[in-house]
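K.L.:
This is the structure I want to talk about, given as structure tokens.
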Amino acid sequence: MKALVAVKRVVDYNVKVRAKSDGSDVDLNNVKMAINPFCEIAVEEAVRLKEAGTVSEIVAVSVGGSGCQEQIRTALALGADRGIHVEVDGTVEPLSVAKLLKAVVEQEAPDLVIMGKQSIDGDNNQTGQMLGALTGMGQGTFASEVKVGDGSVEVVREVDGGLQTVSLKLPAIITTDLRLNEPRYASLPNIMKAKKKPLDTFTPDQLSVSVKTHVTQSSVAPPPERAAGIKVEDVAQLVDKLKNEAKVIS
Amino acid sequence: MKTLVIAEHDNASLKAATLNAVAAAQALGGDIDILVAGAGCDGAAQAAAQVPGISKVICADNAAYEHQLAENISLLVAELGSDYDNLLAASTANGKNFMPRVAALLDVGQISDILSVEGADTFTRPIYAGNVIATVTSSDAKKVITVRTTAFDAAPAEGGAAPVESCAAAHDAGVSAFIREEVAVSDRPELTSASVVISGGRGMQNGDNFSLLEGIADKLNAAIGASRAAVDAGFVPNDYQVGQTGKIVAPDLYIAVGISGAIQHLAGMKDSKVIVAINKDEDAPIFQVADYGLVADLFEALPALEASL
């Protein structure tokens, strides 16, 4: 069984991103880049499936500028077997990423596509679902548990108020949530080995996909700040304020 | 302009998130229809018909839609979508699940999690975990949008009498099946729709101490939440988590107990109307967003608060 894992290069989750003072865009000068945390969970899940003998080959794919080869190498160091880089400069919208991934899916014919539920930069939470629609595959989004069976996969999903379990025919798409697993660290020997693993590069033209713009960002701003209120002396004063000033309790 | 709002419901009744999505549709203007897709969903459709200002309710009652499987619902919405300029759903786990499929089927982009409507094709939405608010413009003729429910005051639930039209379209993609659902059972209101929420953080010290919040929650009819620190420490289950990676809440009253106020928690509750913080550390960042701060030992303050309610 083959697994395709999609990974995205994003600003490291420890970086506090701010809007530039002129509001033109976010300030990403000299910030540390990393693999999107949800994508890292996707890689880990594929590697665990390989260790369990369910998956025999893991292909890591990333769409973006040349820098994202670093994140493909990270995925290779974590246990993916080979990489595919679809080289596109600038912002690529979820629908275009999904179309490019569809072309890769047609080339590779994976049984499972595993990817993060959202990236921590655009916070769109769209690409996996869009790929599902374009390929006609079923989707197990926000997965917290994955059990691969014969010709199908059972996915436990994090939904509002609890958990939902669905069964999907293979091939299928899984998008990961935080509780699915805890990713490992790449060991130094594996980082060295990853440098020798094969990595193919394609352009959107080679995949016969035209990258389009549907949504443009005109400006960015910091979120509105909330003014601090007052300190109360004791519980009695707090209850009095809530009853008579804020009028939120009776 | 015509907008279709896809209802969030449990077949028997309409969920409150639908009314927030209707409010966003009203901000866009024009005619608004509501789609209720489910199985045995007449109850939800009748409730949707009572929302004022709705032109009609489309009720698609079919076994394929019973559990809101995205593969099936998206085919239905994409088909109905040909008659509309805008397709809107609440950005709930369900809306997030099927709406991007609809957008891809229609070959348009999706605008996720809008916070405001700035014009017919311009919206604001949070990026980078809410650290930045982006203004975005869609160039698609048809817009597929999910709505951050806490950013729009709910439209009224009653007073209207829209006609209910049934839709026979049956779409079963045949690639997915519902197996089971485990929903946490509680007599308390749901975290995301409660008008009062009381949350505990690491300062609660252990899971047993959350019982101190229960008495207060009972008196205020409040939902109980928690910070990620409290969830990570194993005090309470994951579905209690309020924050950027948990639930986004905006109740009338939010009481944060023993919560320091990490940015990840603030992102999930800072739109609450009134925020109360109880913490023994007077320098805790939570006090910077609290309307009423009480610097006190929570083990003394909570019993006193319960007694005085």
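Identifiers in this document derive from the order of the structure tokens: chains are assigned A, B, ..., residues are numbered from 1 separately in each chain, and ligands are numbered from 1 in order of occurrence.
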At a cut-off of 7 Å, list the chain B residues touching chain A, using only C-alpha atoms, as JSON, numbers by chain.

P.N.:
{"B": [71, 93, 97, 100, 101, 104, 105, 108, 109, 112, 127, 128, 129, 131, 132, 133, 134, 135, 136, 137, 138, 139, 140, 175, 176, 177, 178, 179, 180, 181, 182, 183, 184, 239, 252, 253, 287, 288, 289, 290, 291, 292, 293, 294, 301, 304, 305]}

K.L.:
Using DSSP secondary structure from the backbone, list all helix (DSSP H, G or I) positions within range 68-171 of chain A, as a PyMOL selection string.

P.N.:
chain A and resi 68-78+94-108+127-135

K.L.:
How would the residues just picked look written out with C-alpha atoms as a PDB file, in the first residue's frame?

P.N.:
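What follows is the written file result_14.pdb:
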ATOM      1  CA  CYS A  68      10.062  23.813   0.590  1.00  0.00           C
ATOM      2  CA  GLN A  69      12.605  21.174  -0.463  1.00  0.00           C
ATOM      3  CA  GLU A  70      13.864  21.643   3.113  1.00  0.00           C
ATOM      4  CA  GLN A  71      10.501  20.454   4.458  1.00  0.00           C
ATOM      5  CA  ILE A  72      10.453  17.534   2.007  1.00  0.00           C
ATOM      6  CA  ARG A  73      13.905  16.565   3.358  1.00  0.00           C
ATOM      7  CA  THR A  74      12.474  16.794   6.893  1.00  0.00           C
ATOM      8  CA  ALA A  75       9.712  14.377   5.875  1.00  0.00           C
ATOM      9  CA  LEU A  76      12.328  12.079   4.307  1.00  0.00           C
ATOM     10  CA  ALA A  77      14.370  12.205   7.517  1.00  0.00           C
ATOM     11  CA  LEU A  78      11.259  11.242   9.497  1.00  0.00           C
ATOM     12  CA  PRO A  94      -5.832  25.905  -1.571  1.00  0.00           C
ATOM     13  CA  LEU A  95      -7.795  25.167  -4.766  1.00  0.00           C
ATOM     14  CA  SER A  96      -4.635  25.366  -6.883  1.00  0.00           C
ATOM     15  CA  VAL A  97      -2.711  23.223  -4.400  1.00  0.00           C
ATOM     16  CA  ALA A  98      -5.553  20.694  -4.544  1.00  0.00           C
ATOM     17  CA  LYS A  99      -5.415  20.648  -8.373  1.00  0.00           C
ATOM     18  CA  LEU A 100      -1.647  20.115  -8.322  1.00  0.00           C
ATOM     19  CA  LEU A 101      -1.998  17.369  -5.723  1.00  0.00           C
ATOM     20  CA  LYS A 102      -4.693  15.751  -7.845  1.00  0.00           C
ATOM     21  CA  ALA A 103      -2.196  15.558 -10.719  1.00  0.00           C
ATOM     22  CA  VAL A 104       0.345  13.962  -8.370  1.00  0.00           C
ATOM     23  CA  VAL A 105      -2.319  11.526  -7.128  1.00  0.00           C
ATOM     24  CA  GLU A 106      -2.999  10.508 -10.733  1.00  0.00           C
ATOM     25  CA  GLN A 107       0.716   9.884 -11.283  1.00  0.00           C
ATOM     26  CA  GLU A 108       1.339   8.011  -8.041  1.00  0.00           C
ATOM     27  CA  THR A 127      -6.978  21.658   0.729  1.00  0.00           C
ATOM     28  CA  GLY A 128      -7.707  18.078   1.844  1.00  0.00           C
ATOM     29  CA  GLN A 129     -11.448  18.475   1.335  1.00  0.00           C
ATOM     30  CA  MET A 130     -10.906  20.109  -2.071  1.00  0.00           C
ATOM     31  CA  LEU A 131      -8.616  17.281  -3.156  1.00  0.00           C
ATOM     32  CA  GLY A 132     -11.377  14.904  -2.065  1.00  0.00           C
ATOM     33  CA  ALA A 133     -13.913  16.628  -4.293  1.00  0.00           C
ATOM     34  CA  LEU A 134     -11.547  16.769  -7.290  1.00  0.00           C
ATOM     35  CA  THR A 135     -10.582  13.091  -7.045  1.00  0.00           C
TER      36      THR A 135
END

K.L.:
Find, counting only C-alpha atoms, the residue in B:Ala229, B:Ala27, B:Leu4, B:Ala173 that gets nearest to Ala120 in chain B.

P.N.:
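Using only C-alpha atoms, Ala120 in chain B sits closest to B:Ala27.
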
K.L.:
From the options A:Ala80, A:Ala52, A:Ile191, A:Cys39, which residue's atoms come nearest to Ala3 in chain A, counting only C-alpha atoms?

P.N.:
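Ranked by minimum distance to Ala3 in chain A, first place goes to A:Ala80.
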
K.L.:
Name all residues at most 8 Å from range 186-191 of chain B (count only C-alpha atoms; drop same-chain ones fewer than 3 positions away) and give them as a list in words.

P.N.:
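My reading of the contact set: Gly161 of chain A; Ala194, Val197, Asp218, Asn221, Ala222, Ala223, Ile224, Gly225, Tyr240, Lys247 and Val249 of chain B.
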
K.L.:
If we count only C-alpha atoms, what is near Val43 in chain A at a cut-off of 9 Å, once residues fewer than 5 positions away on the same chain are taken out, given as a list in words?

P.N.:
Val5, Ala6, Val7, Phe38, Arg48, Ile58, Ala60, Ala75, Leu78, Gly79, Ala80, Ile114, Met115 and Pro183 of chain A

K.L.:
Filtering to C-alpha atoms, could you give me those residues as an mmCIF file, in the first residue's frame?

P.N.:
data_model
loop_
_atom_site.group_PDB
_atom_site.id
_atom_site.type_symbol
_atom_site.label_atom_id
_atom_site.label_comp_id
_atom_site.auth_asym_id
_atom_site.auth_seq_id
_atom_site.Cartn_x
_atom_site.Cartn_y
_atom_site.Cartn_z
ATOM 1 C CA VAL A 5 1.810 12.716 2.420
ATOM 2 C CA ALA A 6 1.484 16.401 1.631
ATOM 3 C CA VAL A 7 3.646 18.812 3.625
ATOM 4 C CA PHE A 38 -0.341 19.278 11.302
ATOM 5 C CA ARG A 48 3.670 4.437 11.904
ATOM 6 C CA ILE A 58 5.659 6.799 1.595
ATOM 7 C CA ALA A 60 6.176 13.162 0.505
ATOM 8 C CA ALA A 75 9.712 14.377 5.875
ATOM 9 C CA LEU A 78 11.259 11.242 9.497
ATOM 10 C CA GLY A 79 10.753 8.172 7.328
ATOM 11 C CA ALA A 80 9.270 9.049 3.932
ATOM 12 C CA ILE A 114 -2.535 11.958 4.512
ATOM 13 C CA MET A 115 -2.253 15.674 5.135
ATOM 14 C CA PRO A 183 5.583 13.194 16.028
#

K.L.:
Find, counting only C-alpha atoms, the residue in A:Val47, A:Val148, A:Val86, A:Leu207 that gets nearest to Arg184 in chain A.

P.N.:
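When distances to Arg184 in chain A are compared using only C-alpha atoms, the smallest one comes from A:Val47.
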
K.L.:
Pick out the residues sitting within 9 Å of Ile263 in chain B, and hand them over as a list in words; count only C-alpha atoms, and ignore anything fewer than 6 positions along from it in its own chain.

P.N.:
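In the requested format, the answer is Asn131, Gly243, Gln244 and Pro285 of chain B.
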
K.L.:
Any chance you could export the current selection's N, CA and C atoms as a tab-separated table (two decimals), in the first residue's frame?

P.N.:
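Output contents, as saved in result.tsv:
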chain	number	residue	atom	x	y	z
B	131	ASN	N	-3.54	36.18	15.05
B	131	ASN	CA	-2.58	37.25	15.34
B	131	ASN	C	-2.68	38.37	14.32
B	243	GLY	N	-9.74	27.76	23.06
B	243	GLY	CA	-8.51	28.36	22.56
B	243	GLY	C	-8.38	28.18	21.07
B	244	GLN	N	-7.27	28.66	20.58
B	244	GLN	CA	-7.02	28.66	19.14
B	244	GLN	C	-7.08	27.26	18.54
B	285	PRO	N	-1.26	37.67	32.52
B	285	PRO	CA	-1.74	38.41	31.35
B	285	PRO	C	-3.26	38.39	31.19

K.L.:
Name the closest residue to Pro204 in chain A among the candidates A:Glu87, A:Gly151, A:Val146, A:Asn181; distances are taken between atoms, counting only C-alpha atoms.

P.N.:
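Closest to Pro204 in chain A of all the choices is A:Glu87.
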